[in-house]
Each structure stands twice: as structure tokens, then as C-alpha cells.
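**Student:** The structure that follows is given in the form of C-alpha cells.
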Amino acid sequence: MKSVLVTVTEGFLGKHLVTALLKKGYKVYAIARSKKKGLDSSNPYLKLRYLDLNKIMCYIDEFPDGIDVMYHLAWSGVRPELRDDLNVQMSNINMSMDCMKFASAKGIKKVIFPGSTNEYLYYGKPLNKNAIPSPQNLYGASKTALRYLAGNYARKNNIEFIYAIITGIYASDRRDNNVIFYTIDKLLRGEKPCLTRLEQLWDYVYIDDVIEALILMGEKGKDGAVYAVGHGDNWPLYKYIEIIHKKIDPRLPLGIGEVPYSNGILPCSCIDLTDIHKDTGFEPKIDFDKGISLVIDRIKEEKKV
């Protein structure tokens with residue numbers, strides 16, 4: 001792997017991936033939607049383009065032939081309020097298939113497509129290549145559909161295709177509307193977080209480990225593979241919350257079990273790292289204790305400012 005195309009780069013994952021690829025000396029062709037959130041184009045190894053991916057075939061002459069790997073990260077409608085918007089999710093499928101056509105026309109050798117555990121929340125087992133999708137919204141259903149559409153197109157057009165199932169990503173420069181950041185915010189305010197029993201099994205992975213996994217897929221990943229990416233803890237959610245509680249202030253009350261479940265069916269987001277470790281040698285390096293300390297320290301600093 002010498003040259004890489006990344007779509008789209010102004011997102012959280014895209015920024016980290018492009019930065020890491022440049023540090024490793026790869027030539028990166030990056031696509032962003034807007035200059036407002038673009039990367040610094042002064043790096044000589046970075047070729048940054050601002051364009052509408054829905055019209056990517058109109059820009060085919062602006063990119064060289066034979067790029068080694070395309071990381072297709074572009075996706076709209078990830079926020080909860082847009083996950084069941086049919087028009088938004090269908091536009092993602094059309095845009096992504098145009099990107100596959102672009103890859104074929106430019107002779108791109110390998111495409112890596114990150115999926116989501118939203119596609120598998122009720123599978124009930126650690127996720128691997130044999131996991132059966134169980135999407136509960138149009139976002140998850142569209143991701144699942146695209147996996148098979150893009151994979152089939154890739155096979156017929158001699159493009160290597162890798163699908164990555166990435167579990168819950170956290171980082172010091174990211175704020176999500178989830179139980180981890182809700183708990184951190186409450187405890188730093190000196191307030192009690194009110195939570196369910198948090199018995200569902202979950203896995204969280206620090207951004208640096210995710211980026212390493214993606215780069216290893218580009219370098220060593222096998223055609224047709226489905227790689228699950230995470231840390232591999234697969235703990236009940238309450239264990240993560242207890243770690244956060246001890247780090248901030250164990251004297252504060254912790255309201256685990258005070259909120260009833262909305263139904264009796266618990267989601268699950270667990271990871272089986274066997275295949276990615278076997279094929280690429282990937283091993284996560286940052287455990288939750290270390291990673292969440294970085295997050296908490298960053299939030300504390302921001303609150304001081």
C-alpha cells in the first residue's frame with residue numbers, strides 16, 4: 001500500500017485516519033465536502049479535494065489511476081433523528097455505489113467499508129464474519145444492504161473488498177450522546193447519574209486502536225474478509241460505568257438500576273477479534289482504564305477553560 005483515497009475526511013474517523021496515514025508516509029487523496037472542516041492541505045503527501053460525492057464521476061479526471069486502497073467513510077444521517085429518514089439513507093446507498101463505480105474506473109485495488117454494530121444489536125453473540133444482521137432502523141438496514149451490494153460489485157469488477165464492523169469508538173476529542181459521556185458529565189457536575197441495570201454486554205475501543213486496525217486492513221487485509229474491530233472486553237455496561245465512577249469520585253452516588261428497561265430485550269455489542277488478529281496481527285493497545293482517563297482529563301481541562 002503506497003497511495004490511499006479517503007472519503008470523507010471532515011468527520012471524526014476521517015480526520016484521524018488521514019493524519020495517521022500521512023505520519024506513516026502514505027500518499028493520501030482525500031475528499032471533503034466543505035473547506036470549513038477540511039485538513040491542512042500544505043502537506044505535500046496530501047492531495048485534498050472538495051467535492052460532492054453524489055457527483056464523483058464528474059471528477060474522475062482529477063484523480064490518478066491505480067490508487068491502492070479506498071477507505072469509504074462517507075455517510076449521512078448517522079444522528080439518531082435521521083436514522084429512519086428513508087431519503088437520507090437511500091441517498092447514502094446511491095452515493096456509495098457511485099464511489100464503487102469510481103473505484104472500478106480508476107483501477108483502485110481495494111475498498112474498505114466500515115460498517116456499524118447498529119446492524120447487529122440483537123444478534124446476541126460476539127460479532128465476526130458469521131454474524132447475522134438484525135438492524136432495527138433504516139440506518140442499520142442501509143449499511144447492511146450496502147455491504148452486500150458493494151461486495152458483489154467489487155467481486156464482479158476485480159476489486160478487493162473488506163467490510164469492518166466497528167464497535168463503540170471513544171476518544172478525548174469526541175463527545176457522544178451515550179451512557180459513558182452522560183455519566184462523565186453528571187459525575188463531574190457532582191450529580192448522580194440515573195441508569196438502568198446496564199447488564200447488556202458491550203465493547204468500547206479507543207480511536208488510536210481503530211485507526212491502527214484500519215491501516216492494517218489496507219496493508220494486510222484479505223479480499224472478502226469481514227473484520228470485527230474493538231478492544232474485545234465484552235463487559236456488561238455497568239463495569240465501564242463503575243471504572244468511570246472510581247476515577248472521578250467514588251464518594252458520589254451512582255444510580256445503576258434506578259431506571260427501568262424500555263423492554264425485556266437487551267441489545268449487545270460484542271467483538272470477536274480472531275479473524276483480524278490472524279490476518280493482520282492487530283492487537284488493541286489501549287485498555288479502557290487508560291483510554292477513559294485520557295477522555296476525563298481532557299474534559300476536566302475544557303471545563304477549567
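Identifiers for the C-alpha cells are assigned positionally: chains receive A, B, ... in sequence, residues are indexed from 1 per chain, and ligands are indexed from 1 in the order shown.
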What lies within 8 Å of Ile169 (chain A) using only C-alpha atoms, ignoring chain neighbours under 5 positions off, as a list in words?
**Tutor:**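 Here the qualifying residues turn out to be Tyr204, Val205, Tyr206, Ile207 and Val210 of chain A.
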**Student:** With a cut-off of 12 Å, could you pull out the residues of region 11-120 of chain A touching region 126-131 of chain A and give me the nearest pair of atoms for each, distance in Å to one decimal, using only C-alpha atoms, ordered by chain and ascending number, as a Markdown table?
**Tutor:**
```
| residue | atom | partner | partner_atom | distance |
| --- | --- | --- | --- | --- |
| A:Gly115 | CA | A:Leu127 | CA | 11.8 |
| A:Ser116 | CA | A:Leu127 | CA | 10.8 |
| A:Thr117 | CA | A:Leu127 | CA | 8.4 |
| A:Asn118 | CA | A:Leu127 | CA | 11.6 |
| A:Glu119 | CA | A:Ala131 | CA | 9.8 |
| A:Tyr120 | CA | A:Ala131 | CA | 7.5 |
```
**Student:** Mind writing the picked residues with C-alpha atoms as a JSON list (two decimals), in the first residue's frame?
**Tutor:**
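Writing the result to selection-v3.json gives the following:
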```
[["chain", "number", "residue", "atom", "x", "y", "z"],
["A", 115, "GLY", "CA", -19.99, -0.82, 9.00],
["A", 116, "SER", "CA", -21.69, -0.37, 12.35],
["A", 117, "THR", "CA", -22.79, -2.51, 15.28],
["A", 118, "ASN", "CA", -26.20, -0.88, 14.72],
["A", 119, "GLU", "CA", -26.62, -3.63, 12.13],
["A", 120, "TYR", "CA", -26.23, -6.37, 14.75]]
```
**Student:** Could you give me, as an MDAnalysis selection string, each residue of region 94-268 of chain A that DSSP assigns to helix (DSSP H, G or I) when run on this structure's backbone?
**Tutor:** chainID A and resid 94:105 117:119 138:156 179:188 207:220 237:248
**Student:** Using DSSP on the backbone coordinates, identify all residues within region 110-171 of chain A classified as strand (DSSP E or B); present the result as a PyMOL selection string.
**Tutor:** chain A and resi 110-114+127+160-166+168-170
**Student:** Might you pull out every residue within 9 Å of region 139-155 of chain A, with only C-alpha atoms counted and same-chain residues fewer than 4 positions away left off, and present them as an MDAnalysis selection string?
**Tutor:** chainID A and resid 77:78 82:86 89:90 92:93 96:97 100:101 104 110:111 113 115:120 133:135 159:163 224
**Student:** Create the file for the chosen residues now, containing N, CA and C atoms and written as a compact mmCIF listing (two decimals), in the first residue's frame.
**Tutor:**
```
# COMPACT_ATOMS: atom_id res chain seq x y z
N GLY A 77 -26.71 11.06 7.88
CA GLY A 77 -27.84 10.53 8.64
C GLY A 77 -27.46 9.57 9.74
N VAL A 78 -26.32 9.80 10.38
CA VAL A 78 -25.90 8.94 11.48
C VAL A 78 -26.58 9.35 12.79
N LEU A 82 -32.07 11.08 12.37
CA LEU A 82 -32.06 10.87 10.93
C LEU A 82 -31.92 9.40 10.53
N ARG A 83 -31.83 8.53 11.51
CA ARG A 83 -31.57 7.13 11.20
C ARG A 83 -32.74 6.44 10.51
N ASP A 84 -33.93 6.99 10.62
CA ASP A 84 -35.08 6.41 9.93
C ASP A 84 -35.60 7.30 8.82
N ASP A 85 -34.78 8.20 8.34
CA ASP A 85 -35.13 9.06 7.21
C ASP A 85 -34.80 8.30 5.92
N LEU A 86 -35.83 7.84 5.24
CA LEU A 86 -35.63 6.99 4.07
C LEU A 86 -34.85 7.70 2.98
N GLN A 89 -31.09 7.90 3.92
CA GLN A 89 -30.39 6.61 3.89
C GLN A 89 -30.28 6.05 2.47
N MET A 90 -31.31 6.24 1.66
CA MET A 90 -31.23 5.78 0.27
C MET A 90 -30.18 6.57 -0.51
N ASN A 92 -27.44 7.61 0.66
CA ASN A 92 -26.15 7.02 1.03
C ASN A 92 -25.82 5.82 0.15
N ILE A 93 -26.81 4.99 -0.10
CA ILE A 93 -26.57 3.81 -0.94
C ILE A 93 -26.20 4.22 -2.36
N SER A 96 -22.70 5.75 -2.38
CA SER A 96 -21.66 4.75 -2.15
C SER A 96 -21.44 3.87 -3.37
N MET A 97 -22.51 3.52 -4.06
CA MET A 97 -22.34 2.71 -5.27
C MET A 97 -21.67 3.52 -6.38
N MET A 100 -18.13 3.13 -5.71
CA MET A 100 -17.63 1.84 -6.18
C MET A 100 -17.38 1.88 -7.68
N LYS A 101 -18.27 2.52 -8.44
CA LYS A 101 -18.06 2.67 -9.88
C LYS A 101 -16.79 3.48 -10.16
N SER A 104 -13.76 1.32 -9.66
CA SER A 104 -13.55 0.44 -10.81
C SER A 104 -12.94 1.20 -11.98
N LYS A 110 -8.32 -1.99 -3.82
CA LYS A 110 -9.00 -2.48 -2.63
C LYS A 110 -9.90 -1.40 -2.06
N VAL A 111 -11.10 -1.79 -1.61
CA VAL A 111 -12.03 -0.88 -0.95
C VAL A 111 -12.32 -1.42 0.44
N PHE A 113 -14.76 -0.75 3.69
CA PHE A 113 -16.02 -0.09 4.05
C PHE A 113 -16.33 -0.35 5.52
N GLY A 115 -18.60 -0.67 8.64
CA GLY A 115 -19.99 -0.82 9.00
C GLY A 115 -20.23 -0.35 10.41
N SER A 116 -21.31 -0.84 11.01
CA SER A 116 -21.69 -0.37 12.35
C SER A 116 -22.32 -1.52 13.13
N THR A 117 -22.11 -1.51 14.44
CA THR A 117 -22.79 -2.51 15.28
C THR A 117 -24.29 -2.26 15.34
N ASN A 118 -24.76 -1.11 14.83
CA ASN A 118 -26.20 -0.88 14.72
C ASN A 118 -26.87 -1.94 13.83
N GLU A 119 -26.09 -2.58 13.01
CA GLU A 119 -26.62 -3.63 12.13
C GLU A 119 -26.84 -4.94 12.88
N TYR A 120 -26.28 -5.07 14.08
CA TYR A 120 -26.23 -6.37 14.75
C TYR A 120 -26.65 -6.32 16.22
N PRO A 133 -27.09 -10.10 10.50
CA PRO A 133 -27.60 -8.75 10.75
C PRO A 133 -29.00 -8.77 11.36
N SER A 134 -29.24 -7.80 12.25
CA SER A 134 -30.57 -7.63 12.84
C SER A 134 -30.83 -6.13 13.01
N PRO A 135 -30.81 -5.36 11.91
CA PRO A 135 -30.97 -3.91 12.02
C PRO A 135 -32.35 -3.52 12.55
N ILE A 159 -12.17 -5.97 -7.70
CA ILE A 159 -11.74 -5.09 -6.61
C ILE A 159 -11.77 -5.89 -5.32
N GLU A 160 -10.69 -5.87 -4.56
CA GLU A 160 -10.72 -6.49 -3.24
C GLU A 160 -11.65 -5.67 -2.34
N PHE A 161 -12.43 -6.37 -1.52
CA PHE A 161 -13.41 -5.67 -0.69
C PHE A 161 -13.35 -6.20 0.73
N ILE A 162 -13.21 -5.29 1.68
CA ILE A 162 -13.16 -5.64 3.10
C ILE A 162 -14.22 -4.84 3.84
N TYR A 163 -14.95 -5.53 4.70
CA TYR A 163 -16.01 -4.91 5.50
C TYR A 163 -15.58 -4.95 6.96
N GLY A 224 -12.52 -10.07 0.64
CA GLY A 224 -13.74 -10.73 1.07
C GLY A 224 -13.88 -10.86 2.58
```
**Student:** Residues within 10 Å of Ala213 (chain A), please, as a PyMOL selection string. Count only C-alpha atoms; anything in the same chain fewer than 2 positions from it doesn't count.
**Tutor:** chain A and resi 164+166+207-211+215-219+221+227-230+276-277+280-284
**Student:** Between CA of Ala74 (chain A) and CA of Tyr26 (chain A), what is the spacing in Å?
**Tutor:**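 It comes out at 20.4 Å.
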**Student:** Between A:Ile292, A:Ile299, A:Leu73, A:Cys99, single out the one closest to Pro114 (chain A), counting only C-alpha atoms.
**Tutor:**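 Counting only C-alpha atoms, the residue closest to Pro114 (chain A) is A:Leu73.
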**Student:** With distances taken over only C-alpha atoms, which residue among A:Val69, A:Cys194, A:Leu22, A:Ile248 lies nearest Lys300 (chain A)?
**Tutor:** A:Ile248
**Student:** Compare A:Ser76, A:Ser172, A:Ser42, A:Asn137 by their minimum atom-to-atom distance to Glu301 (chain A), counting only C-alpha atoms, and give me the closest one.
**Tutor:**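 For Glu301 (chain A), the nearest of the given residues is A:Ser172.
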**Student:** If we count only C-alpha atoms, what is near Leu254 (chain A) at a cut-off of 10 Å, once residues fewer than 5 positions away on the same chain are taken out, given as a list in words?
**Tutor:**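 Counting only the stated atoms, we get Thr183, Lys186, Leu187, Glu191, Lys192, Pro193, Cys194, Leu195, Ile241, Glu242 and His245 of chain A.
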**Student:** So how far away is CA of Ile265 (chain A) from CA of Trp202 (chain A), in Å?
**Tutor:**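 For CA of Trp202 (chain A) relative to CA of Ile265 (chain A), the distance reads 14.5 Å.
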**Student:** Excluding region 45-61 of chain A and residues on its chain fewer than 2 positions from it, collect all residues at most 10 Å away from it, counting only C-alpha atoms, and give them as an mmCIF file with C-alpha atoms, in the first residue's frame.
**Tutor:**
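So the final result, stored in selection.cif, reads:
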```cif
data_model
loop_
_atom_site.group_PDB
_atom_site.id
_atom_site.type_symbol
_atom_site.label_atom_id
_atom_site.label_comp_id
_atom_site.auth_asym_id
_atom_site.auth_seq_id
_atom_site.Cartn_x
_atom_site.Cartn_y
_atom_site.Cartn_z
ATOM 1 C CA SER A 3 -1.401 5.513 -2.075
ATOM 2 C CA VAL A 4 -4.814 5.852 -0.434
ATOM 3 C CA LEU A 5 -8.122 7.602 -1.142
ATOM 4 C CA VAL A 6 -10.270 8.558 1.858
ATOM 5 C CA THR A 7 -13.903 9.672 1.628
ATOM 6 C CA VAL A 8 -14.930 11.803 3.549
ATOM 7 C CA THR A 9 -12.290 13.489 5.733
ATOM 8 C CA VAL A 18 -5.762 10.729 7.253
ATOM 9 C CA THR A 19 -3.468 12.093 9.962
ATOM 10 C CA LEU A 21 -1.683 7.663 7.115
ATOM 11 C CA LEU A 22 0.339 10.819 6.488
ATOM 12 C CA LYS A 23 2.531 10.103 9.523
ATOM 13 C CA GLY A 25 4.377 8.292 4.755
ATOM 14 C CA TYR A 26 1.461 7.267 2.540
ATOM 15 C CA LYS A 27 0.294 9.492 -0.284
ATOM 16 C CA VAL A 28 -3.293 10.391 0.583
ATOM 17 C CA TYR A 29 -6.005 11.594 -1.764
ATOM 18 C CA ALA A 30 -8.737 12.961 0.476
ATOM 19 C CA ILE A 31 -12.251 14.102 -0.340
ATOM 20 C CA ALA A 32 -14.103 16.576 1.853
ATOM 21 C CA ARG A 33 -17.469 18.232 1.430
ATOM 22 C CA SER A 34 -16.517 21.611 2.858
ATOM 23 C CA LYS A 35 -13.419 23.739 3.385
ATOM 24 C CA GLY A 38 -11.026 20.386 5.902
ATOM 25 C CA LEU A 39 -7.492 19.218 6.657
ATOM 26 C CA ASP A 40 -4.348 21.280 6.206
ATOM 27 C CA SER A 41 -3.564 20.887 2.515
ATOM 28 C CA SER A 42 0.016 22.162 2.893
ATOM 29 C CA ASN A 43 1.327 18.625 3.487
ATOM 30 C CA PHE A 63 -7.550 11.593 -9.610
ATOM 31 C CA PRO A 64 -4.746 9.287 -10.801
ATOM 32 C CA ASP A 65 -5.237 5.691 -11.848
ATOM 33 C CA ALA A 74 -18.781 8.977 3.818
ATOM 34 C CA SER A 91 -29.012 8.651 -0.885
ATOM 35 C CA ASN A 92 -26.153 7.023 1.026
ATOM 36 C CA ASN A 94 -26.647 5.608 -4.289
ATOM 37 C CA MET A 95 -23.632 7.752 -3.403
ATOM 38 C CA SER A 96 -21.661 4.754 -2.145
ATOM 39 C CA MET A 97 -22.343 2.709 -5.270
ATOM 40 C CA ASP A 98 -21.168 5.660 -7.379
ATOM 41 C CA CYS A 99 -17.952 5.545 -5.343
ATOM 42 C CA LYS A 101 -18.062 2.671 -9.881
ATOM 43 C CA PHE A 102 -15.392 5.340 -9.462
ATOM 44 C CA ALA A 103 -13.061 2.768 -7.869
ATOM 45 C CA ALA A 105 -12.991 3.175 -13.388
ATOM 46 C CA LYS A 106 -9.774 4.333 -11.694
#
```
**Student:** Between CA of Glu199 (chain A) and CA of Pro236 (chain A), what is the spacing in Å?
**Tutor:**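 Separation between CA of Pro236 (chain A) and CA of Glu199 (chain A): 5.0 Å.
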**Student:** Find the residues around Asp233 (chain A) up to 12 Å (only C-alpha atoms counted), leave out those fewer than 6 positions away in its own chain, and share them as a list of chain:residue names.
**Tutor:**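 Residues meeting the cut-off are A:Pro126, A:Thr167, A:Gly168, A:Leu201, A:Trp202, A:Asp203, A:Tyr204, A:Val205, A:Lys239, A:Tyr240, A:Ser269, A:Cys270, A:Ile271, A:Asp272, A:Leu273, A:Pro284, A:Ile286, A:Asp287, A:Phe288, A:Asp289.
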**Student:** Hey, which of A:Leu237, A:Leu121, A:Val88, A:Val179 ends up closest to Gln136 (chain A)? Count only C-alpha atoms.
**Tutor:** A:Leu121
